[in-house]
Structures are given as C-alpha cells and as structure tokens.
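Just target09.cif here, mmCIF, C-alpha atoms:
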data_protein
loop_
_atom_site.label_atom_id
_atom_site.label_comp_id
_atom_site.auth_asym_id
_atom_site.auth_seq_id
_atom_site.Cartn_x
_atom_site.Cartn_y
_atom_site.Cartn_z
CA MET L 1 -19.81 7.01 36.62
CA THR L 2 -19.55 7.55 32.85
CA ALA L 3 -17.82 5.19 30.44
CA THR L 4 -15.01 7.73 30.12
CA ASP L 5 -14.57 7.88 33.88
CA ARG L 6 -14.51 4.08 34.11
CA THR L 7 -11.84 3.92 31.42
CA ARG L 8 -9.67 6.50 33.12
CA THR L 9 -10.09 4.81 36.48
CA SER L 10 -9.38 1.28 35.32
CA ILE L 11 -6.59 2.15 32.86
CA SER L 12 -4.02 4.09 34.81
CA ARG L 13 -2.06 4.92 31.65
CA ARG L 14 -5.06 6.44 29.91
CA THR L 15 -3.54 9.90 30.06
CA VAL L 16 -0.45 8.61 28.26
CA LEU L 17 -2.58 7.89 25.24
CA ALA L 18 -3.11 11.61 24.71
CA ALA L 19 0.56 12.49 24.74
CA ALA L 20 1.92 10.92 21.56
CA PRO L 21 4.11 13.14 19.38
CA VAL L 22 2.58 14.54 16.20
CA ALA L 23 4.05 13.38 12.89
CA ALA L 24 3.15 14.06 9.28
CA ALA L 25 0.37 11.80 8.06
CA ALA L 26 -3.34 11.66 7.32
CA GLY L 27 -6.43 12.22 9.46
CA ALA L 28 -10.01 11.03 9.44
CA VAL L 29 -13.60 11.73 10.34
CA GLY L 30 -16.39 9.36 11.22
CA VAL L 31 -14.17 6.64 12.64
CA SER L 32 -16.40 3.75 13.62
CA SER L 33 -16.07 1.75 16.80
CA PRO L 34 -14.98 -1.89 16.60
CA ALA L 35 -18.37 -3.01 17.89
CA ALA L 36 -20.22 -0.99 15.26
CA ALA L 37 -17.95 -2.14 12.46
CA SER L 38 -18.60 -5.77 13.26
CA GLY L 39 -22.33 -5.40 13.73
CA GLY L 40 -21.97 -5.68 17.49
CA GLY L 41 -20.45 -9.16 17.40
CA GLY L 42 -17.55 -10.19 19.56
CA GLY L 43 -14.42 -12.20 18.99
CA ALA L 44 -10.99 -11.74 17.45
CA ARG L 45 -12.24 -11.04 13.94
CA ALA L 46 -14.64 -8.37 15.16
CA ALA L 47 -11.91 -6.61 17.10
CA VAL L 48 -9.49 -6.71 14.17
CA LEU L 49 -12.07 -5.60 11.59
CA GLY L 50 -13.14 -2.77 13.86
CA TRP L 51 -9.64 -1.37 14.12
CA PHE L 52 -9.04 -2.06 10.44
CA ASP L 53 -12.03 0.11 9.60
CA ALA L 54 -10.91 2.78 12.06
CA THR L 55 -7.47 2.90 10.43
CA ASP L 56 -9.01 3.00 6.96
CA ALA L 57 -11.25 5.89 7.95
CA ALA L 58 -8.35 7.77 9.50
CA VAL L 59 -6.19 7.50 6.39
CA THR L 60 -8.98 7.95 3.84
CA ALA L 61 -10.54 11.15 5.16
CA ALA L 62 -7.41 13.29 4.80
CA PRO L 63 -4.79 11.26 2.96
CA ALA L 64 -1.19 12.31 2.67
CA SER L 65 -0.11 13.43 -0.78
CA ALA L 66 2.16 10.39 -1.12
CA GLN L 67 0.68 6.89 -1.17
CA VAL L 68 3.73 5.44 0.54
CA THR L 69 3.22 7.82 3.46
CA ASN L 70 -0.27 6.40 3.90
CA SER L 71 1.13 2.87 3.71
CA ARG L 72 3.64 3.88 6.38
CA THR L 73 0.80 4.92 8.71
CA TRP L 74 -0.80 1.50 8.33
CA ALA L 75 2.52 -0.28 8.73
CA ILE L 76 3.48 1.52 11.93
CA ALA L 77 0.07 1.16 13.58
CA TRP L 78 -0.32 -2.52 12.82
CA LEU L 79 3.28 -3.57 13.29
CA ALA L 80 3.11 -2.01 16.75
CA ALA L 81 -0.09 -3.95 17.39
CA ALA L 82 1.45 -7.19 16.10
CA ARG L 83 4.39 -6.80 18.45
CA ALA L 84 2.09 -6.01 21.37
CA VAL L 85 -0.15 -9.06 20.91
CA ARG L 86 2.60 -11.55 20.07
CA ARG L 87 3.20 -12.78 23.62
CA VAL L 88 0.76 -12.84 26.54
CA PRO L 89 2.11 -12.34 30.08
CA HIS L 90 1.76 -15.31 32.40
CA GLY L 91 -1.41 -15.49 34.41
CA VAL L 92 -3.65 -13.10 32.44
CA ASN L 93 -6.61 -13.74 30.16
CA ALA L 94 -5.13 -13.95 26.65
CA LYS L 95 -8.24 -12.72 24.83
CA ASP L 96 -8.67 -9.65 27.03
CA TYR L 97 -4.96 -8.85 26.94
CA ARG L 98 -4.68 -9.09 23.14
CA GLU L 99 -7.81 -7.08 22.42
CA ALA L 100 -6.62 -4.34 24.79
CA ALA L 101 -3.11 -4.38 23.30
CA LEU L 102 -4.48 -4.14 19.75
CA ALA L 103 -6.73 -1.22 20.68
CA ALA L 104 -4.05 0.70 22.53
CA ALA L 105 -1.33 0.18 19.92
CA VAL L 106 -3.39 1.21 16.88
CA HIS L 107 -4.97 4.11 18.77
CA ARG L 108 -1.60 5.34 20.01
CA ALA L 109 0.02 5.21 16.57
CA LEU L 110 -2.91 6.86 14.80
CA TYR L 111 -3.09 9.48 17.55
CA ALA L 112 0.40 10.53 16.52
CA LEU L 113 0.06 10.03 12.77
CA ALA L 114 -3.51 11.31 12.30
CA PRO L 115 -3.61 14.22 14.76
CA THR L 116 -6.71 15.85 13.30
CA GLN L 117 -8.74 12.83 14.35
CA GLN L 118 -7.80 12.52 17.99
CA ALA L 119 -11.35 13.03 19.30
CA ALA L 120 -12.76 10.35 16.99
CA LEU L 121 -9.94 7.98 17.86
CA ASP L 122 -10.54 8.51 21.57
CA ALA L 123 -14.20 7.57 21.07
CA THR L 124 -13.16 4.45 19.19
CA LEU L 125 -10.74 3.48 21.93
CA GLU L 126 -13.30 4.04 24.66
CA ALA L 127 -15.85 1.86 22.86
CA ALA L 128 -13.26 -0.88 22.39
CA LEU L 129 -12.09 -0.85 26.01
CA ASP L 130 -15.65 -0.86 27.30
CA GLU L 131 -16.02 -4.29 25.69
CA ILE L 132 -13.10 -5.69 27.69
CA PRO L 133 -13.54 -6.56 31.39
CA ASP L 134 -11.54 -4.39 33.77
CA GLY L 135 -8.59 -6.13 35.33
CA ARG L 136 -4.95 -7.03 35.06
CA ALA L 137 -5.17 -8.36 31.49
CA LYS L 138 -6.72 -5.14 30.26
CA ARG L 139 -4.21 -2.94 32.08
CA LYS L 140 -1.21 -4.91 30.87
CA GLY L 141 -2.58 -5.05 27.32
CA VAL L 142 -3.02 -1.28 27.15
CA ALA L 143 0.44 -0.70 28.59
CA ALA L 144 2.01 -3.07 26.06
CA GLY L 145 0.18 -1.47 23.15
CA VAL L 146 1.25 2.02 24.18
CA ASP L 147 4.86 0.98 24.72
CA ARG L 148 5.15 -0.85 21.42
CA ALA L 149 3.61 2.04 19.49
CA ASP L 150 5.85 4.60 21.19
CA ASP L 151 8.95 2.52 20.47
CA LEU L 152 8.09 2.13 16.80
CA LEU L 153 7.11 5.77 16.34
CA ALA L 154 10.46 6.78 17.78
CA ASP L 155 12.33 4.25 15.65
CA ARG L 156 10.66 5.46 12.43
CA THR L 157 11.16 9.18 13.09
CA GLY L 158 13.01 10.72 10.15
CA ASP L 159 12.72 7.61 7.98
CA GLY L 160 12.32 9.62 4.78
CA LEU L 161 8.72 8.63 4.10
CA ASP L 162 7.10 12.01 4.70
CA PRO L 163 5.74 13.60 1.48
CA ALA L 164 8.48 16.23 1.26
CA SER L 165 11.20 13.58 1.42
CA VAL L 166 9.36 11.24 -0.94
CA SER L 167 9.11 13.86 -3.69
CA PRO L 168 11.92 16.42 -3.27
CA PRO L 169 12.84 18.87 -6.04
CA TRP L 170 14.54 16.86 -8.77
CA THR L 171 15.81 17.92 -12.17
CA PRO L 172 15.53 15.39 -14.99
CA PRO L 173 18.44 14.91 -17.37
CA ALA L 174 18.40 16.42 -20.83
CA ALA L 175 16.00 14.91 -23.33
CA ALA L 176 17.44 11.92 -25.17
CA PRO L 177 16.15 8.65 -26.63
CA GLY L 178 14.81 6.43 -23.85
CA VAL L 179 15.19 9.06 -21.11
CA TRP L 180 12.24 10.08 -18.94
CA GLN L 181 10.88 13.59 -19.33
CA PRO L 182 7.87 15.31 -17.71
CA THR L 183 4.71 14.20 -19.48
CA PRO L 184 1.62 15.97 -20.82
CA PRO L 185 -0.76 17.50 -20.11
CA ALA L 186 0.63 18.96 -16.85
CA PHE L 187 4.35 18.31 -17.42
CA ALA L 188 4.55 18.04 -13.63
CA PRO L 189 7.84 17.64 -11.76
CA ALA L 190 9.08 14.13 -11.08
CA ALA L 191 7.37 12.41 -8.16
CA GLN L 192 8.70 9.77 -5.77
CA ALA L 193 12.33 10.45 -6.60
CA GLY L 194 13.21 10.49 -2.92
CA THR L 195 11.44 7.33 -1.82
CA ARG L 196 14.50 5.29 -2.86
CA PHE L 197 16.47 6.90 -0.03
CA ALA L 198 13.93 6.08 2.70
CA VAL L 199 14.66 3.60 5.49
CA PRO L 200 12.98 0.24 4.76
CA PHE L 201 11.26 -1.82 7.43
CA ALA L 202 12.83 -5.13 6.36
CA LEU L 203 15.02 -4.65 3.29
CA ASP L 204 18.73 -4.16 3.80
CA SER L 205 18.66 -1.30 1.29
CA GLY L 206 16.40 0.16 -1.37
CA ASP L 207 18.50 -1.32 -4.18
CA GLN L 208 18.58 -4.85 -2.76
CA PHE L 209 16.26 -6.18 -5.47
CA ARG L 210 17.02 -3.70 -8.24
CA LEU L 211 15.65 -4.96 -11.52
CA ASP L 212 17.62 -5.70 -14.65
CA PRO L 213 17.38 -2.85 -17.21
CA PRO L 214 14.26 -2.45 -19.37
CA PRO L 215 14.31 -3.76 -22.96
CA ALA L 216 16.76 -1.62 -24.91
CA LEU L 217 15.83 0.62 -27.80
CA GLY L 218 15.65 -1.32 -31.04
CA THR L 219 15.15 -4.74 -29.46
CA PRO L 220 12.17 -6.91 -30.45
CA GLN L 221 10.67 -6.62 -26.96
CA TYR L 222 10.92 -2.83 -26.95
CA ARG L 223 9.22 -2.67 -30.34
CA ALA L 224 6.47 -5.06 -29.24
CA ASP L 225 5.87 -3.03 -26.07
CA LEU L 226 5.56 0.23 -27.97
CA ASP L 227 3.35 -1.23 -30.70
CA GLU L 228 0.97 -2.66 -28.09
CA VAL L 229 0.61 0.58 -26.17
CA HIS L 230 0.18 2.59 -29.37
CA ALA L 231 -2.58 0.30 -30.58
CA TYR L 232 -4.44 -0.43 -27.35
CA GLY L 233 -3.59 2.48 -25.05
CA GLY L 234 -4.51 5.50 -27.12
CA ALA L 235 -7.42 7.79 -26.31
CA GLY L 236 -8.79 7.11 -29.79
CA SER L 237 -7.89 3.41 -30.00
CA THR L 238 -10.02 1.46 -32.46
CA VAL L 239 -8.86 -1.98 -31.26
CA ARG L 240 -9.34 -1.68 -27.50
CA THR L 241 -12.61 -3.38 -26.58
CA GLN L 242 -15.19 -2.00 -24.18
CA ALA L 243 -14.22 -4.67 -21.67
CA GLN L 244 -10.60 -3.58 -21.90
CA THR L 245 -11.60 0.06 -21.53
CA ASP L 246 -13.64 -0.82 -18.44
CA THR L 247 -10.70 -2.69 -16.93
CA ALA L 248 -8.38 0.25 -17.56
CA GLN L 249 -10.84 2.61 -15.91
CA PHE L 250 -11.40 0.35 -12.90
CA TRP L 251 -7.68 -0.05 -12.17
CA TYR L 252 -6.65 3.53 -12.94
CA GLY L 253 -7.25 4.57 -9.33
CA SER L 254 -4.79 4.22 -6.48
CA SER L 255 -3.63 0.63 -5.96
CA PHE L 256 -3.17 1.50 -2.28
CA VAL L 257 -6.90 2.29 -2.10
CA LEU L 258 -7.98 -0.58 -4.35
CA TYR L 259 -6.22 -3.23 -2.27
CA ASN L 260 -7.52 -2.31 1.18
CA PRO L 261 -10.91 -3.95 0.49
CA VAL L 262 -9.00 -6.98 -0.77
CA LEU L 263 -7.10 -7.22 2.50
CA ARG L 264 -10.33 -6.76 4.43
CA ALA L 265 -11.89 -9.66 2.53
CA ALA L 266 -8.94 -11.81 3.56
CA LEU L 267 -9.55 -10.88 7.20
CA GLU L 268 -13.29 -11.53 6.98
CA HIS L 269 -12.77 -15.12 5.90
CA HIS L 270 -9.54 -15.92 7.80
CA ALA L 271 -9.88 -18.69 10.38
CA GLY L 272 -6.83 -17.62 12.37
CA SER L 273 -6.44 -16.09 15.80
CA LEU L 274 -6.37 -12.38 16.60
CA ARG L 275 -2.59 -12.57 16.49
CA ASP L 276 -2.68 -14.15 13.01
CA LEU L 277 -5.02 -11.48 11.70
CA VAL L 278 -3.04 -8.59 13.13
CA GLU L 279 0.19 -9.98 11.74
CA LEU L 280 -1.41 -10.32 8.30
CA VAL L 281 -2.31 -6.61 8.24
CA ALA L 282 1.10 -5.60 9.56
CA LEU L 283 3.13 -7.67 7.07
CA PHE L 284 0.87 -6.67 4.16
CA HIS L 285 1.60 -2.98 4.73
CA VAL L 286 5.25 -3.42 5.64
CA ALA L 287 5.68 -5.21 2.32
CA SER L 288 3.82 -2.39 0.56
CA VAL L 289 6.15 0.23 2.01
CA ASP L 290 9.36 -1.65 1.26
CA THR L 291 8.11 -2.43 -2.24
CA GLN L 292 7.59 1.26 -2.96
CA ILE L 293 11.10 2.04 -1.77
CA ALA L 294 12.46 -0.63 -4.11
CA THR L 295 10.22 0.62 -6.92
CA SER L 296 11.58 4.14 -6.64
CA ASP L 297 15.11 2.74 -6.74
CA SER L 298 14.59 0.94 -10.04
CA LYS L 299 12.57 3.79 -11.55
CA TYR L 300 15.27 6.35 -10.91
CA ALA L 301 18.16 4.00 -11.64
CA TYR L 302 16.92 3.56 -15.23
CA LEU L 303 14.86 6.74 -15.84
CA TRP L 304 13.00 5.01 -18.65
CA TRP L 305 10.68 7.15 -20.72
CA ARG L 306 6.92 6.80 -20.70
CA PRO L 307 5.01 5.60 -23.79
CA VAL L 308 3.61 9.06 -24.49
CA THR L 309 7.16 10.43 -24.75
CA ALA L 310 8.38 7.53 -26.86
CA ILE L 311 5.42 7.68 -29.24
CA ALA L 312 4.47 11.35 -29.41
CA GLY L 313 7.49 13.17 -27.98
CA ALA L 314 9.91 15.42 -29.83
CA VAL L 315 12.86 13.04 -29.46
CA GLU L 316 12.85 10.04 -31.80
CA ASP L 317 14.30 6.70 -30.75
CA GLY L 318 16.21 6.27 -34.03
CA ASP L 319 14.46 2.97 -34.79
CA PRO L 320 12.59 2.95 -38.14
CA ALA L 321 10.54 -0.05 -36.95
CA THR L 322 8.78 1.87 -34.17
CA VAL L 323 5.89 4.27 -34.48
CA GLN L 324 6.25 8.04 -34.19
CA ASP L 325 2.81 9.59 -33.88
CA PRO L 326 2.79 13.21 -32.60
CA SER L 327 -1.01 13.21 -32.46
CA TRP L 328 -1.21 10.19 -30.12
CA THR L 329 -2.44 10.68 -26.57
CA PRO L 330 -2.91 8.00 -23.91
CA PHE L 331 -6.38 6.98 -22.73
CA HIS L 332 -5.44 8.20 -19.22
CA ASN L 333 -3.08 10.93 -18.12
CA THR L 334 0.41 9.65 -17.37
CA PRO L 335 1.69 9.87 -13.77
CA SER L 336 4.78 12.02 -13.30
CA HIS L 337 7.53 9.48 -12.77
CA PRO L 338 9.47 7.02 -14.96
CA ASP L 339 7.93 4.02 -16.67
CA TYR L 340 10.01 1.13 -15.36
CA PRO L 341 8.74 -0.55 -13.27
CA SER L 342 5.02 0.11 -12.86
CA GLY L 343 4.29 1.23 -9.31
CA HIS L 344 0.67 0.08 -9.59
CA ASN L 345 1.86 -3.40 -10.32
CA THR L 346 4.36 -3.43 -7.51
CA TYR L 347 1.40 -2.96 -5.15
CA SER L 348 -0.34 -5.85 -6.92
CA GLY L 349 2.56 -8.26 -6.77
CA ALA L 350 3.32 -7.54 -3.12
CA ALA L 351 -0.32 -7.95 -2.14
CA GLU L 352 -0.68 -11.23 -4.00
CA GLU L 353 2.55 -12.63 -2.55
CA VAL L 354 1.66 -11.79 1.06
CA LEU L 355 -1.93 -12.97 0.77
CA THR L 356 -0.98 -16.19 -1.00
CA GLN L 357 1.69 -17.11 1.54
CA LEU L 358 -0.36 -16.22 4.61
CA VAL L 359 -3.93 -17.00 3.48
CA GLY L 360 -3.81 -19.20 0.37
CA ASP L 361 -4.87 -18.67 -3.25
CA GLY L 362 -7.96 -16.79 -2.12
CA PRO L 363 -10.06 -16.05 0.94
CA GLY L 364 -12.25 -19.11 0.48
CA ALA L 365 -15.30 -17.12 -0.65
CA ALA L 366 -16.20 -14.58 -3.29
CA PHE L 367 -15.29 -10.99 -2.48
CA THR L 368 -16.28 -7.73 -4.14
CA ILE L 369 -14.26 -4.52 -4.35
CA PRO L 370 -15.05 -0.98 -5.56
CA SER L 371 -12.81 1.41 -7.46
CA PRO L 372 -12.12 5.10 -6.79
CA SER L 373 -11.72 5.70 -10.53
CA ALA L 374 -14.97 3.93 -11.51
CA PRO L 375 -17.62 5.20 -9.06
CA GLY L 376 -20.49 2.80 -8.56
CA VAL L 377 -18.67 -0.06 -10.29
CA THR L 378 -17.62 -3.19 -8.43
CA ARG L 379 -15.81 -6.38 -9.41
CA THR L 380 -16.08 -9.79 -7.78
CA TYR L 381 -13.28 -12.34 -7.45
CA THR L 382 -12.61 -15.62 -5.68
CA THR L 383 -8.78 -15.69 -5.85
CA TRP L 384 -6.03 -13.08 -5.72
CA HIS L 385 -4.21 -13.67 -9.01
CA PRO L 386 -6.82 -12.24 -11.43
CA LEU L 387 -6.41 -8.84 -9.78
CA THR L 388 -2.72 -8.84 -10.66
CA THR L 389 -3.46 -9.90 -14.22
CA GLU L 390 -6.07 -7.17 -14.68
CA ASN L 391 -3.83 -4.51 -13.19
CA THR L 392 -1.01 -5.53 -15.53
CA ASP L 393 -3.25 -5.30 -18.58
CA ALA L 394 -4.93 -2.11 -17.38
CA ARG L 395 -1.79 0.00 -17.38
CA VAL L 396 -1.13 -0.92 -21.01
CA TRP L 397 -4.76 -0.24 -21.99
CA SER L 398 -4.57 3.09 -20.18
CA GLY L 399 -1.60 3.97 -22.38
CA ILE L 400 0.63 4.86 -19.46
CA HIS L 401 2.99 1.88 -19.11
CA SER L 402 4.72 -0.65 -21.29
CA ARG L 403 3.93 -4.29 -20.60
CA SER L 404 7.57 -4.91 -19.70
CA ALA L 405 7.29 -2.26 -16.98
CA ASP L 406 4.13 -3.90 -15.64
CA LEU L 407 5.59 -7.39 -15.53
CA ALA L 408 8.80 -6.08 -13.98
CA GLY L 409 6.74 -4.41 -11.27
CA VAL L 410 5.08 -7.68 -10.37
CA GLU L 411 8.44 -9.48 -10.34
CA LEU L 412 10.10 -6.88 -8.13
CA SER L 413 7.29 -6.72 -5.62
CA ARG L 414 6.99 -10.47 -5.25
CA ASN L 415 10.69 -10.64 -4.48
CA VAL L 416 10.44 -7.86 -1.91
CA ALA L 417 7.31 -9.29 -0.29
CA ALA L 418 8.84 -12.77 -0.06
CA TYR L 419 11.88 -11.26 1.62
CA VAL L 420 9.70 -9.34 4.10
CA LEU L 421 7.89 -12.55 5.02
CA SER L 422 11.22 -14.35 5.45
CA ARG L 423 12.11 -11.69 8.02
CA ALA L 424 8.77 -11.83 9.79
CA ASP L 425 10.04 -13.26 13.08
CA GLY L 426 12.45 -10.40 13.54
CA LEU L 427 9.98 -7.74 12.43
CA LEU L 428 7.28 -8.98 14.80
CA ALA L 429 9.46 -9.61 17.84
#

Now that the file is in, can you turn its structure into structure tokens?
Amino acid sequence: MTATDRTRTSISRRTVLAAAPVAAAAGAVGVSSPAAASGGGGGARAAVLGWFDATDAAVTAAPASAQVTNSRTWAIAWLAAARAVRRVPHGVNAKDYREAALAAAVHRALYALAPTQQAALDATLEAALDEIPDGRAKRKGVAAGVDRADDLLADRTGDGLDPASVSPPWTPPAAAPGVWQPTPPAFAPAAQAGTRFAVPFALDSGDQFRLDPPPALGTPQYRADLDEVHAYGGAGSTVRTQAQTDTAQFWYGSSFVLYNPVLRAALEHHAGSLRDLVELVALFHVASVDTQIATSDSKYAYLWWRPVTAIAGAVEDGDPATVQDPSWTPFHNTPSHPDYPSGHNTYSGAAEEVLTQLVGDGPGAAFTIPSPSAPGVTRTYTTWHPLTTENTDARVWSGIHSRSADLAGVELSRNVAAYVLSRADGLLA
C-alpha cells in the first residue's frame, strides 16, 4: 500500500480536502514538506516551521498584485489553524491531534487560495500526515482543520481584499497645494484606494484609528519634513551617506516580504507550544491585514501629496520658506498612493507590536534577513525595534515619504495591532 493509499484509508475525509472553492490569491511551486523544512526533526516547532515555509512558498511563487491580498491568504490559513488547534477533544493524543489539525487547516485554506499549487500542497499534506500515527487523534485533527478552514473561507468571501477591490478605478481631485496627484515617472493611477472599504478581521471599522491630519502647509513641521527629504532623499543628494543609501535600498522592497523572515526567526527561537506558535503567525498576519485597511483609510481621508509633487511639481505650496526645485527627483520611484501615512511603516509598527507583546523585545538570538530590493545583501539584528527605526529613516532617504508620514504609520499600526491582540480570544475561538 502506498503512502497515498494509507492516507486515504486512514483519513476518511481526505477527499474533502480536494473540494475547497477557488478564490483569488497567489500560488506556488516547490513547496517543501514540513519534515524537509525542519531538517527531518520532529516536534511542534518543526511542524509549524514546515507549514510556515509551505505557506511562504505558495504566496511567493505567484503573488497577488496587492500585498494585502497576500497578507489575507496568510491570515486565513493560519487563523483557521489557530482555531483548529486551540482545544483538544477529550481522550485523544494532543500532539497528534494538533499536528493533524494544523496540516489540514493550512492545506485546506491554501488549496482554495492558491489553486495553481494544489498538487504541491497535496504532497506537503501527505508528507505531514505520514509523520502522525493513524488513529482517532489524527482523524479528528484533520476533520477540525478542514471544518475551521471551510468556515473561515466562507466567512471571508467577498471581504473586499481581492486585488480588483483593493485598487478600483479612482479619480484624484484637481491639483492643488497639498493634494495628492499621480507621481513620476509612470504617473500611475492611485493604488489601494479601495482597501479602506474592506472588512477587517478585528477592527470595528477601517476608520477606527484614523490619524490626526498631517502637518499643515506653512507649519514648522511641514517645512522641516520637506527640507529633510529634499536634502537627503534626492537621486543626486550630496549629504546622504553611503550607509544611508544602503539602508534606503535594503528597505525599499516590500515590507510584507521583508518581515516574513523576521516572523520565522521569532518562531525558530520561541519556547512555546504548537498552539502558541500557530497563534503568533495568525495574529501577526491578522494585524497586518487590519493595519493595511486602516492605512488606506487615513491615506485617502487626507490625500496628502508626495514629496516629489511638493518639491518638483507644478503646483506651489505658497510658502516662501519651502524649496521649489523642478529638477529634483527622488532616489527611488514613488509608489502610486498618498504620502500620509507610510504603508511600509505600518507593516513595521504592527510587526514590532505583535512580536514584542507575544515574544518579547527580540527572539533571544541574532537573526539575519535578506531584502528583495538588495539582492545578496543581508542584515543581522537581535531585537525588533531597529528594523522599525531603519524603515522609518529609509523612506525619507529614498525620497518617497516625509518623516511625519513615516512616524504616523508606526503610530497607527501599533494602535491597530494592540487592538487586534486585545481581541485575540474572540478571534481565536
């Protein structure tokens, strides 16, 4: 009897795993098995890291065009798993039950959300279930994982986090001082204007933590912000150091991508149970999704112009104390959505808040992360906070955000993440 036959014989609901509905998301190739990802070792951490790597592979290989859609895939898969492993039925082996529930829940969710990778996901599931002894614990764990994933997939249907809903056609207002306009060189349409209308996982509404307005034109803070970006963020800056340039380049890539290795480092050194580890992944990504909804709300409530428009655009701000420099260009191309707050830094603040509350100031050991925008370059840290500091600075040194927008992003995301954690019991039930 083959391993596949054994799985189908011992898990009566195996055929259910192939019947999940297809939804818009990302797919993957080369998904590794939990055993391979952990070097063949056993235990809770190995099981969690294996499925973490499988999820990462599934989302990375064919990512959705919207980062928040990718975060949604993670949040659904791991929140379903967290709900499935939370309570163990009486009289069954807890370890076997939880490992089976984790495998079935993540597989089931990814099967629906990453449909191009179903064959690879099936292989991953088979390898995971082969490590768990046949019996009642395994059967009940698989059934719980499937049920929890199906329930959550159904609940999140039509939540407004598909790419088309995230970035619908949107017409900016007429050009005026302080008002966002499409930015060079592409002058692309506004992105993420629809995220603010999506259904949060934990927030009561997208505007629950709406920020106060950005510093007004003509104020000392506005002038300081613009002067700093003009001096340090230009493509031809003569004051930005090589170290600052390197930091800008490292953090220019997707914060969603940059922070997954950070979360993995937290898991690698976490002393908690399988349930603790699964809940950490789930709450991390739930907070990321809700933070992006809140970010879109503040961005499109204030429609604050980007530095390149304020410095080099055709519309002057009317303040003789600020610089107008039509020849100025930012070190990096400006993303196509308003300045305030910085979305990159809302990822940073949410990540730091969740990791600090659930893990501590750091993982307890040095960890190293790569960057998609600096191939071959890595950075090593021992605590979470320096990443937030670097990301804040980097967006100024890239010339694409004001410092006030960066700091506001961190503030907003910490508030959202803290609220998500305060609602954890209800989310995980």

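Run against this file, the PyMOL selection byres ((chain L and resi 179) around 6) gives back Ala176, Pro177, Gly178, Trp180, Leu303, Trp304 and Trp305 of chain L.
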
Go ahead and save the residues from that selection, with C-alpha atoms, as a tab-separated table (two decimals), keeping the file's coordinate frame.
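To be explicit, this is the file written out as out-v4.tsv:
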chain	number	residue	atom	x	y	z
L	176	ALA	CA	17.44	11.92	-25.17
L	177	PRO	CA	16.15	8.65	-26.63
L	178	GLY	CA	14.81	6.43	-23.85
L	180	TRP	CA	12.24	10.08	-18.94
L	303	LEU	CA	14.86	6.74	-15.84
L	304	TRP	CA	13.00	5.01	-18.65
L	305	TRP	CA	10.68	7.15	-20.72

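When only C-alpha atoms are used to measure the gap to Leu79 of chain L, the shortest distance among L:Ala94, L:Ala57, L:Val281, L:Ala417 belongs to L:Val281.
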
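Evaluating the PyMOL selection byres ((chain L and resi 137) around 6) against the shown model yields Val92, Asn93, Asp96, Tyr97, Gly135, Arg136, Lys138, Arg139, Lys140 and Gly141 of chain L.
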
Determine the residue set returned by the PyMOL selection byres ((chain L and resi 396) around 10) for the present structure, and present it as a PyMOL selection string. chain L and resi 225-226+228-234+244+248+307+330-331+391-395+397-406

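Here atom CA of Ala81 of chain L and atom CA of Leu110 of chain L stand 11.5 Å from one another.
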
Do you know which residues lie at most 10 Å from (0.7, 1.2, -3.2), with coordinates as in the file and only C-alpha atoms counted, and could you write them as an MDAnalysis selection string? chainID L and resid 66:71 254:260 285 287:289 291:292 343:348 350:351

Counting all atoms listed in the file, the residue among L:Thr388, L:Pro184, L:Ile76, L:Gly206 that lies closest to Arg306 of chain L is L:Pro184

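The smallest atom-to-atom distance between Asp297 of chain L and any of L:Trp170, L:Phe209, L:Tyr419, L:Tyr111, using all atoms listed in the file, is found for L:Phe209.
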
Between atom CA of Gln117 of chain L and atom CA of Arg148 of chain L, what is the spacing in Å? 20.7 Å

Pick out the closest residue to Ser165 of chain L from this set: L:Ser342, L:Ser65, L:Thr219, L:Gln242. Count only C-alpha atoms. L:Ser65

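Among the candidate residues L:Ala365, L:Phe187, L:Phe197, L:Asp159, the one lying nearest to His270 of chain L is L:Ala365, with distances computed using all atoms listed in the file.
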
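Nearest to Thr295 of chain L of all the residues L:Asp319, L:Glu411, L:Asp325, L:Asp134 is L:Glu411, based on only C-alpha atoms.
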
Spatial neighbours of Trp78 of chain L, max dist 7 Å, all atoms listed in the file, sep filter under 4 positions, as an MDAnalysis selection string: chainID L and resid 74 82 106 278 281:282

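Interatomic distance, atom CA of Ala47 of chain L to atom CA of Arg264 of chain L: 12.8 Å.
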